[in-house]
Amino acid sequence: MLNIEITETKNFVKKLLMEPVFDTFLLVEAYVRSDVSYTIDGRLNPSFFDTEELEEMTSKTYTTWGNVRQHIFNVIKGNKLPLNFKIVLILSDANINRIIEQNHLNLTASDIANLSLNIYFDGEKISLTTMASMNIFSMDKTLANIWDANVSAFFKQNQIF
């Protein structure tokens, strides 16, 4: 598990809310506390979409960050910073499968509950935390270590820290 603190928040928030850097991640939830509290559940409502739209989606369960990024930006922007916010992003099944294949892991996608990136702003700094959650019991931390290395490389590639 990575736990990274970002005290220079401006660059990170710009990449998170104004650029497509995180757009392929899936949104589990977002919570913003400012003048009022806003909660967004990233779960899709399948009955809202027709069959063709559902077939084109990255996930049948969660929306992508790219689909809601502008909404969250509209909630956060303004003259005053929010009191805090929390955003939980996870990797899509296709990207989980890519990690399994590239690293020759003895796992299937169904063995993995999710690979998450938790983003928390406390009013002053941003904390980024990674987690690898499994659907099976395992003492092996290989997947968690690979996920942490992938997130670190992603951050460096996108000049996040």
# chains A, B, ... in the order shown; residues from 1 in each chain; ligands from 1

call {"tool": "residues_around", "arguments": {"residues": "A:Val88", "least_positions_apart": "3", "cutoff": "10 Å", "atoms": "only C-alpha atoms", "output": "list in words"}}
result
Phe25, Leu26, Leu27, Val28, Glu29, Ala30, Tyr31, Gly42, Trp65, Ser116, Leu117, Asn118, Ile119, Tyr120, Leu128, Thr129 and Thr130 of chain A

call {"tool": "select_by_dssp", "arguments": {"residues": "stretch 57-122 of chain A", "states": "helix (DSSP H, G or I)", "output": "list in words"}}
result
Trp65, Gly66, Asn67, Val68, Arg69, Gln70, His71, Ile72, Phe73, Asn74, Val75, Ile76, Asp93, Ala94, Asn95, Ile96, Asn97, Arg98, Ile99, Ile100, Glu101, Gln102, Ala109, Ser110 and Asp111 of chain A

call {"tool": "atom_distance", "arguments": {"atom1": "atom CA of A:Glu19", "atom2": "atom CA of A:Gln157"}}
result
14.1 Å

call {"tool": "residues_around", "arguments": {"residues": "A:Ala132", "least_positions_apart": "3", "cutoff": "8 Å", "atoms": "only C-alpha atoms", "output": "list of chain:residue names"}}
result
A:Met1, A:Ile112, A:Ala113, A:Asn114, A:Leu115, A:Ser116, A:Leu143, A:Ala144, A:Trp147
